[in-house]
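What follows is the content of input.cif (mmCIF, N, CA, C and O atoms).
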```cif
data_query
#
loop_
_atom_site.label_atom_id
_atom_site.label_comp_id
_atom_site.auth_asym_id
_atom_site.auth_seq_id
_atom_site.Cartn_x
_atom_site.Cartn_y
_atom_site.Cartn_z
N MET A 295 75.07 76.49 -12.73
CA MET A 295 75.91 77.67 -12.60
C MET A 295 76.82 77.46 -11.39
O MET A 295 76.36 77.05 -10.33
N SER A 296 78.08 77.79 -11.55
CA SER A 296 79.04 77.61 -10.46
C SER A 296 78.80 78.63 -9.36
O SER A 296 78.22 79.69 -9.61
N PRO A 297 79.25 78.33 -8.13
CA PRO A 297 79.11 79.31 -7.04
C PRO A 297 79.78 80.64 -7.38
O PRO A 297 79.26 81.70 -7.06
N ARG A 298 80.94 80.60 -8.03
CA ARG A 298 81.62 81.84 -8.40
C ARG A 298 80.78 82.66 -9.38
O ARG A 298 80.64 83.87 -9.24
N ALA A 299 80.21 82.00 -10.39
CA ALA A 299 79.37 82.71 -11.36
C ALA A 299 78.15 83.31 -10.69
O ALA A 299 77.75 84.43 -11.00
N ARG A 300 77.54 82.58 -9.74
CA ARG A 300 76.39 83.12 -9.01
C ARG A 300 76.80 84.36 -8.22
O ARG A 300 76.08 85.35 -8.16
N GLY A 301 77.98 84.30 -7.58
CA GLY A 301 78.47 85.45 -6.81
C GLY A 301 78.72 86.65 -7.69
O GLY A 301 78.38 87.78 -7.34
N GLU A 302 79.33 86.44 -8.86
CA GLU A 302 79.59 87.54 -9.79
C GLU A 302 78.29 88.13 -10.31
O GLU A 302 78.17 89.34 -10.46
N LEU A 303 77.30 87.30 -10.56
CA LEU A 303 76.00 87.78 -11.01
C LEU A 303 75.34 88.62 -9.92
O LEU A 303 74.80 89.69 -10.19
N ALA A 304 75.40 88.17 -8.68
CA ALA A 304 74.79 88.91 -7.57
C ALA A 304 75.46 90.28 -7.41
O ALA A 304 74.79 91.27 -7.11
N LEU A 305 76.77 90.36 -7.61
CA LEU A 305 77.47 91.64 -7.47
C LEU A 305 77.01 92.68 -8.48
O LEU A 305 77.05 93.86 -8.21
N ARG A 306 76.54 92.25 -9.62
CA ARG A 306 76.05 93.19 -10.63
C ARG A 306 74.85 93.99 -10.15
O ARG A 306 74.57 95.06 -10.66
N TYR A 307 74.12 93.47 -9.19
CA TYR A 307 72.90 94.11 -8.73
C TYR A 307 73.09 94.89 -7.43
O TYR A 307 72.13 95.36 -6.86
N LEU A 308 74.33 95.04 -6.98
CA LEU A 308 74.59 95.81 -5.76
C LEU A 308 74.74 97.28 -6.09
O LEU A 308 75.30 97.65 -7.11
N THR A 309 74.25 98.12 -5.19
CA THR A 309 74.45 99.56 -5.27
C THR A 309 75.16 99.99 -4.00
O THR A 309 74.76 99.59 -2.90
N ILE A 310 76.18 100.80 -4.16
CA ILE A 310 76.96 101.28 -3.01
C ILE A 310 76.77 102.78 -2.89
O ILE A 310 77.02 103.51 -3.84
N ALA A 311 76.31 103.23 -1.73
CA ALA A 311 76.15 104.66 -1.45
C ALA A 311 77.17 105.03 -0.38
O ALA A 311 77.13 104.48 0.72
N GLU A 312 78.08 105.93 -0.71
CA GLU A 312 79.10 106.33 0.25
C GLU A 312 78.57 107.42 1.17
O GLU A 312 77.73 108.22 0.79
N LEU A 313 79.10 107.43 2.39
CA LEU A 313 78.76 108.49 3.33
C LEU A 313 79.58 109.73 3.01
O LEU A 313 80.69 109.63 2.50
N PRO A 314 79.05 110.91 3.30
CA PRO A 314 79.81 112.15 3.06
C PRO A 314 81.13 112.12 3.84
O PRO A 314 81.19 111.61 4.96
N PRO A 315 82.21 112.67 3.26
CA PRO A 315 83.52 112.63 3.91
C PRO A 315 83.57 113.28 5.30
O PRO A 315 84.35 112.87 6.14
N ALA A 316 82.75 114.27 5.54
CA ALA A 316 82.78 114.97 6.83
C ALA A 316 81.86 114.34 7.87
O ALA A 316 81.60 114.93 8.91
N SER A 317 81.38 113.13 7.63
CA SER A 317 80.46 112.47 8.56
C SER A 317 81.13 112.19 9.90
O SER A 317 82.34 111.99 9.98
N ALA A 318 80.30 112.15 10.93
CA ALA A 318 80.79 111.74 12.26
C ALA A 318 81.24 110.28 12.18
O ALA A 318 80.78 109.54 11.32
N PRO A 319 82.13 109.85 13.09
CA PRO A 319 82.52 108.44 13.08
C PRO A 319 81.33 107.54 13.41
O PRO A 319 80.49 107.89 14.23
N THR A 320 81.25 106.41 12.74
CA THR A 320 80.15 105.49 13.01
C THR A 320 80.42 104.65 14.25
O THR A 320 79.49 104.15 14.86
N ARG A 321 81.69 104.48 14.59
CA ARG A 321 82.06 103.74 15.80
C ARG A 321 83.02 104.61 16.62
O ARG A 321 84.22 104.37 16.64
N PRO A 322 82.51 105.62 17.30
CA PRO A 322 83.40 106.53 18.03
C PRO A 322 84.06 105.83 19.21
O PRO A 322 83.43 105.08 19.94
N ARG A 323 85.35 106.05 19.33
CA ARG A 323 86.10 105.51 20.47
C ARG A 323 87.38 106.31 20.62
O ARG A 323 87.88 106.88 19.67
N ALA A 324 87.90 106.32 21.82
CA ALA A 324 89.11 107.07 22.10
C ALA A 324 90.37 106.27 21.79
O ALA A 324 91.42 106.83 21.54
N SER A 325 90.27 104.93 21.81
CA SER A 325 91.44 104.11 21.53
C SER A 325 91.00 102.80 20.90
O SER A 325 89.81 102.50 20.82
N GLY A 326 91.96 102.00 20.48
CA GLY A 326 91.67 100.71 19.89
C GLY A 326 92.19 100.64 18.47
O GLY A 326 92.59 101.64 17.88
N THR A 327 92.19 99.43 17.93
CA THR A 327 92.74 99.23 16.59
C THR A 327 91.67 99.08 15.52
O THR A 327 91.98 99.11 14.34
N GLU A 328 90.41 98.91 15.89
CA GLU A 328 89.35 98.75 14.90
C GLU A 328 89.06 100.08 14.22
O GLU A 328 89.19 101.14 14.83
N PRO A 329 88.66 100.04 12.95
CA PRO A 329 88.32 101.29 12.26
C PRO A 329 87.16 102.00 12.94
O PRO A 329 86.28 101.36 13.51
N GLN A 330 87.16 103.33 12.87
CA GLN A 330 86.09 104.10 13.46
C GLN A 330 84.99 104.42 12.45
O GLN A 330 83.95 104.94 12.83
N PHE A 331 85.20 104.14 11.19
CA PHE A 331 84.26 104.56 10.16
C PHE A 331 83.78 103.40 9.31
O PHE A 331 84.57 102.58 8.86
N ILE A 332 82.48 103.32 9.13
CA ILE A 332 81.86 102.51 8.09
C ILE A 332 81.51 103.55 7.03
O ILE A 332 80.75 104.47 7.30
N ASP A 333 82.07 103.44 5.85
CA ASP A 333 81.96 104.55 4.91
C ASP A 333 81.01 104.31 3.74
O ASP A 333 81.05 105.03 2.76
N HIS A 334 80.14 103.31 3.86
CA HIS A 334 79.22 103.05 2.75
C HIS A 334 78.02 102.24 3.22
O HIS A 334 78.05 101.64 4.28
N VAL A 335 76.98 102.26 2.41
CA VAL A 335 75.79 101.43 2.60
C VAL A 335 75.64 100.63 1.31
O VAL A 335 75.70 101.20 0.22
N ILE A 336 75.47 99.32 1.41
CA ILE A 336 75.34 98.47 0.23
C ILE A 336 73.94 97.85 0.23
O ILE A 336 73.50 97.31 1.23
N VAL A 337 73.27 97.93 -0.91
CA VAL A 337 71.95 97.32 -1.08
C VAL A 337 71.95 96.49 -2.36
O VAL A 337 72.79 96.68 -3.23
N ARG A 338 71.02 95.58 -2.46
CA ARG A 338 70.92 94.73 -3.65
C ARG A 338 69.54 94.87 -4.27
O ARG A 338 68.52 94.75 -3.59
N GLY A 339 69.51 95.18 -5.57
CA GLY A 339 68.25 95.26 -6.30
C GLY A 339 67.44 96.50 -6.02
O GLY A 339 66.25 96.55 -6.33
N THR A 340 68.04 97.51 -5.42
CA THR A 340 67.36 98.76 -5.11
C THR A 340 68.39 99.87 -5.08
O THR A 340 69.53 99.66 -5.46
N THR A 341 68.03 101.05 -4.61
CA THR A 341 68.95 102.18 -4.57
C THR A 341 69.02 102.75 -3.16
O THR A 341 67.99 102.88 -2.49
N ALA A 342 70.23 103.08 -2.73
CA ALA A 342 70.44 103.78 -1.45
C ALA A 342 70.97 105.17 -1.76
O ALA A 342 71.85 105.33 -2.59
N ARG A 343 70.42 106.16 -1.09
CA ARG A 343 70.88 107.54 -1.30
C ARG A 343 70.69 108.33 -0.01
O ARG A 343 70.13 107.83 0.96
N ASP A 344 71.15 109.56 0.00
CA ASP A 344 71.01 110.45 1.15
C ASP A 344 71.55 109.80 2.42
O ASP A 344 70.90 109.84 3.48
N THR A 345 72.71 109.21 2.35
CA THR A 345 73.30 108.55 3.51
C THR A 345 73.86 109.58 4.48
O THR A 345 74.38 110.62 4.07
N THR A 346 73.74 109.29 5.74
CA THR A 346 74.25 110.18 6.78
C THR A 346 74.49 109.38 8.06
O THR A 346 73.96 108.29 8.24
N VAL A 347 75.31 109.95 8.94
CA VAL A 347 75.55 109.35 10.26
C VAL A 347 74.80 110.19 11.28
O VAL A 347 74.88 111.42 11.27
N VAL A 348 74.05 109.53 12.15
CA VAL A 348 73.29 110.20 13.20
C VAL A 348 73.99 109.94 14.53
O VAL A 348 74.05 108.80 14.99
N ALA A 349 74.54 110.98 15.14
CA ALA A 349 75.23 110.84 16.42
C ALA A 349 74.21 110.51 17.51
O ALA A 349 73.17 111.16 17.62
N VAL A 350 74.49 109.50 18.32
CA VAL A 350 73.57 109.10 19.39
C VAL A 350 74.08 109.50 20.77
O VAL A 350 73.51 109.12 21.78
N ASP A 351 75.15 110.28 20.79
CA ASP A 351 75.65 110.88 22.03
C ASP A 351 75.85 109.88 23.16
O ASP A 351 75.38 110.08 24.28
N GLY A 352 76.49 108.75 22.85
CA GLY A 352 76.84 107.79 23.89
C GLY A 352 75.76 106.79 24.25
O GLY A 352 75.96 105.96 25.13
N LEU A 353 74.58 106.84 23.63
CA LEU A 353 73.53 105.88 23.94
C LEU A 353 73.87 104.48 23.44
O LEU A 353 73.28 103.50 23.87
N SER A 354 74.81 104.39 22.51
CA SER A 354 75.27 103.12 21.96
C SER A 354 76.76 103.26 21.66
O SER A 354 77.29 104.37 21.63
N ASP A 355 77.44 102.14 21.44
CA ASP A 355 78.84 102.22 21.05
C ASP A 355 78.99 102.51 19.56
O ASP A 355 80.10 102.66 19.06
N HIS A 356 77.88 102.60 18.83
CA HIS A 356 77.87 102.95 17.42
C HIS A 356 76.91 104.11 17.19
O HIS A 356 75.86 104.18 17.84
N ASN A 357 77.26 105.00 16.27
CA ASN A 357 76.30 105.98 15.80
C ASN A 357 75.47 105.32 14.70
O ASN A 357 75.93 104.38 14.04
N PHE A 358 74.26 105.79 14.50
CA PHE A 358 73.39 105.21 13.48
C PHE A 358 73.83 105.65 12.09
O PHE A 358 74.28 106.78 11.91
N VAL A 359 73.68 104.78 11.11
CA VAL A 359 73.86 105.13 9.71
C VAL A 359 72.46 105.10 9.10
O VAL A 359 71.74 104.13 9.22
N ARG A 360 72.09 106.22 8.48
CA ARG A 360 70.75 106.34 7.90
C ARG A 360 70.87 106.54 6.39
O ARG A 360 71.76 107.25 5.93
N ALA A 361 70.01 105.89 5.62
CA ALA A 361 69.98 106.05 4.17
C ALA A 361 68.54 105.93 3.70
O ALA A 361 67.72 105.26 4.32
N THR A 362 68.23 106.60 2.62
CA THR A 362 66.94 106.45 1.97
C THR A 362 67.06 105.32 0.96
O THR A 362 67.92 105.35 0.09
N ILE A 363 66.23 104.29 1.11
CA ILE A 363 66.25 103.12 0.24
C ILE A 363 65.01 103.20 -0.65
O ILE A 363 63.89 103.32 -0.16
N THR A 364 65.21 103.16 -1.97
CA THR A 364 64.10 103.26 -2.90
C THR A 364 64.21 102.17 -3.96
O THR A 364 65.29 101.66 -4.24
N GLY A 365 63.10 101.83 -4.55
CA GLY A 365 63.10 100.91 -5.68
C GLY A 365 62.62 99.58 -5.35
O GLY A 365 62.62 98.64 -4.97
#
```
Go ahead and express the file in the form of structure tokens.
Amino acid sequence: MSPRARGELALRYLTIAELPPASAPTRPRASGTEPQFIDHVIVRGTTARDTTVVAVDGLSDHNFVRATITG
């Protein structure tokens, strides 16, 4: 099997769970060119649901992304 065919096969088993639109930024910052939001959680061979962003109030440069992984 070619590398491309293996990659296409692997993509069939991915599940993407989007974060709610009103979520806090995952990478809060006042300036810069990098995106402030990671807007999805991707898993392979299982299911991700109930995604949310947990604000850590400055304890890290990123807020946590939490999801329930089942399967």
### Task
List the neighbours of stretch 326-335 of chain A out to 5 Å using only N, CA, C and O atoms; skip same-chain residues closer than 4 positions along the sequence, and give me the result as a count of residues only.
9
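Atom C of A:Gly365 to atom CA of A:Thr346 spans 19.9 Å [interatomic distance, one decimal].
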#### Entry: Residue set, stretch 300-358 of chain A restricted to strand (DSSP E or B), as a PyMOL selection string
chain A and resi 308-312+334-338+341-348+358
### Query
A:Ala318: which residues within 8 Å, counting only C-alpha atoms, same-chain residues fewer than 6 positions away excluded, as a PyMOL selection string?
chain A and resi 347-349
#### Entry: In chain A, DSSP helix (DSSP H, G or I) residues written as a VMD selection string
chain A and resid 297 to 305
May I have the residues at most 7 Å from (72.5, 96.0, -3.8) in the file's coordinates, counting all atoms listed in the file, as a PDB file with N, CA, C and O atoms, keeping the file's coordinate frame?
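The resulting selection-v9.pdb:
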```pdb
ATOM      1  N   ALA A 304      75.400  88.170  -8.680  1.00  0.00           N
ATOM      2  CA  ALA A 304      74.790  88.910  -7.570  1.00  0.00           C
ATOM      3  C   ALA A 304      75.460  90.280  -7.410  1.00  0.00           C
ATOM      4  O   ALA A 304      74.790  91.270  -7.110  1.00  0.00           O
ATOM      5  N   LEU A 305      76.770  90.360  -7.610  1.00  0.00           N
ATOM      6  CA  LEU A 305      77.470  91.640  -7.470  1.00  0.00           C
ATOM      7  C   LEU A 305      77.010  92.680  -8.480  1.00  0.00           C
ATOM      8  O   LEU A 305      77.050  93.860  -8.210  1.00  0.00           O
ATOM      9  N   TYR A 307      74.120  93.470  -9.190  1.00  0.00           N
ATOM     10  CA  TYR A 307      72.900  94.110  -8.730  1.00  0.00           C
ATOM     11  C   TYR A 307      73.090  94.890  -7.430  1.00  0.00           C
ATOM     12  O   TYR A 307      72.130  95.360  -6.860  1.00  0.00           O
ATOM     13  N   LEU A 308      74.330  95.040  -6.980  1.00  0.00           N
ATOM     14  CA  LEU A 308      74.590  95.810  -5.760  1.00  0.00           C
ATOM     15  C   LEU A 308      74.740  97.280  -6.090  1.00  0.00           C
ATOM     16  O   LEU A 308      75.300  97.650  -7.110  1.00  0.00           O
ATOM     17  N   THR A 309      74.250  98.120  -5.190  1.00  0.00           N
ATOM     18  CA  THR A 309      74.450  99.560  -5.270  1.00  0.00           C
ATOM     19  C   THR A 309      75.160  99.990  -4.000  1.00  0.00           C
ATOM     20  O   THR A 309      74.760  99.590  -2.900  1.00  0.00           O
ATOM     21  N   ILE A 310      76.180 100.800  -4.160  1.00  0.00           N
ATOM     22  CA  ILE A 310      76.960 101.280  -3.010  1.00  0.00           C
ATOM     23  C   ILE A 310      76.770 102.780  -2.890  1.00  0.00           C
ATOM     24  O   ILE A 310      77.020 103.510  -3.840  1.00  0.00           O
ATOM     25  N   ILE A 336      75.470  99.320   1.410  1.00  0.00           N
ATOM     26  CA  ILE A 336      75.340  98.470   0.230  1.00  0.00           C
ATOM     27  C   ILE A 336      73.940  97.850   0.230  1.00  0.00           C
ATOM     28  O   ILE A 336      73.500  97.310   1.230  1.00  0.00           O
ATOM     29  N   VAL A 337      73.270  97.930  -0.910  1.00  0.00           N
ATOM     30  CA  VAL A 337      71.950  97.320  -1.080  1.00  0.00           C
ATOM     31  C   VAL A 337      71.950  96.490  -2.360  1.00  0.00           C
ATOM     32  O   VAL A 337      72.790  96.680  -3.230  1.00  0.00           O
ATOM     33  N   ARG A 338      71.020  95.580  -2.460  1.00  0.00           N
ATOM     34  CA  ARG A 338      70.920  94.730  -3.650  1.00  0.00           C
ATOM     35  C   ARG A 338      69.540  94.870  -4.270  1.00  0.00           C
ATOM     36  O   ARG A 338      68.520  94.750  -3.590  1.00  0.00           O
ATOM     37  N   GLY A 339      69.510  95.180  -5.570  1.00  0.00           N
ATOM     38  CA  GLY A 339      68.250  95.260  -6.300  1.00  0.00           C
ATOM     39  C   GLY A 339      67.440  96.500  -6.020  1.00  0.00           C
ATOM     40  O   GLY A 339      66.250  96.550  -6.330  1.00  0.00           O
ATOM     41  N   THR A 340      68.040  97.510  -5.420  1.00  0.00           N
ATOM     42  CA  THR A 340      67.360  98.760  -5.110  1.00  0.00           C
ATOM     43  C   THR A 340      68.390  99.870  -5.080  1.00  0.00           C
ATOM     44  O   THR A 340      69.530  99.660  -5.460  1.00  0.00           O
ATOM     45  N   THR A 341      68.030 101.050  -4.610  1.00  0.00           N
ATOM     46  CA  THR A 341      68.950 102.180  -4.570  1.00  0.00           C
ATOM     47  C   THR A 341      69.020 102.750  -3.160  1.00  0.00           C
ATOM     48  O   THR A 341      67.990 102.880  -2.490  1.00  0.00           O
TER      49      THR A 341
END
```
### Task
Please evaluate the PyMOL selection byres (((chain A and resi 360 and name CA) around 6) and name CA) against the displayed coordinates and give the resulting residues as number ranges by chain.
A: 345-346, 359, 361
### Query
Expressed in Å to a single decimal, how great is the separation between atom CA of A:Ala342 and atom CA of A:Arg323?
27.0 Å
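Here atom CA of A:Thr364 stands at a distance of 28.5 Å from atom CA of A:Asp351.
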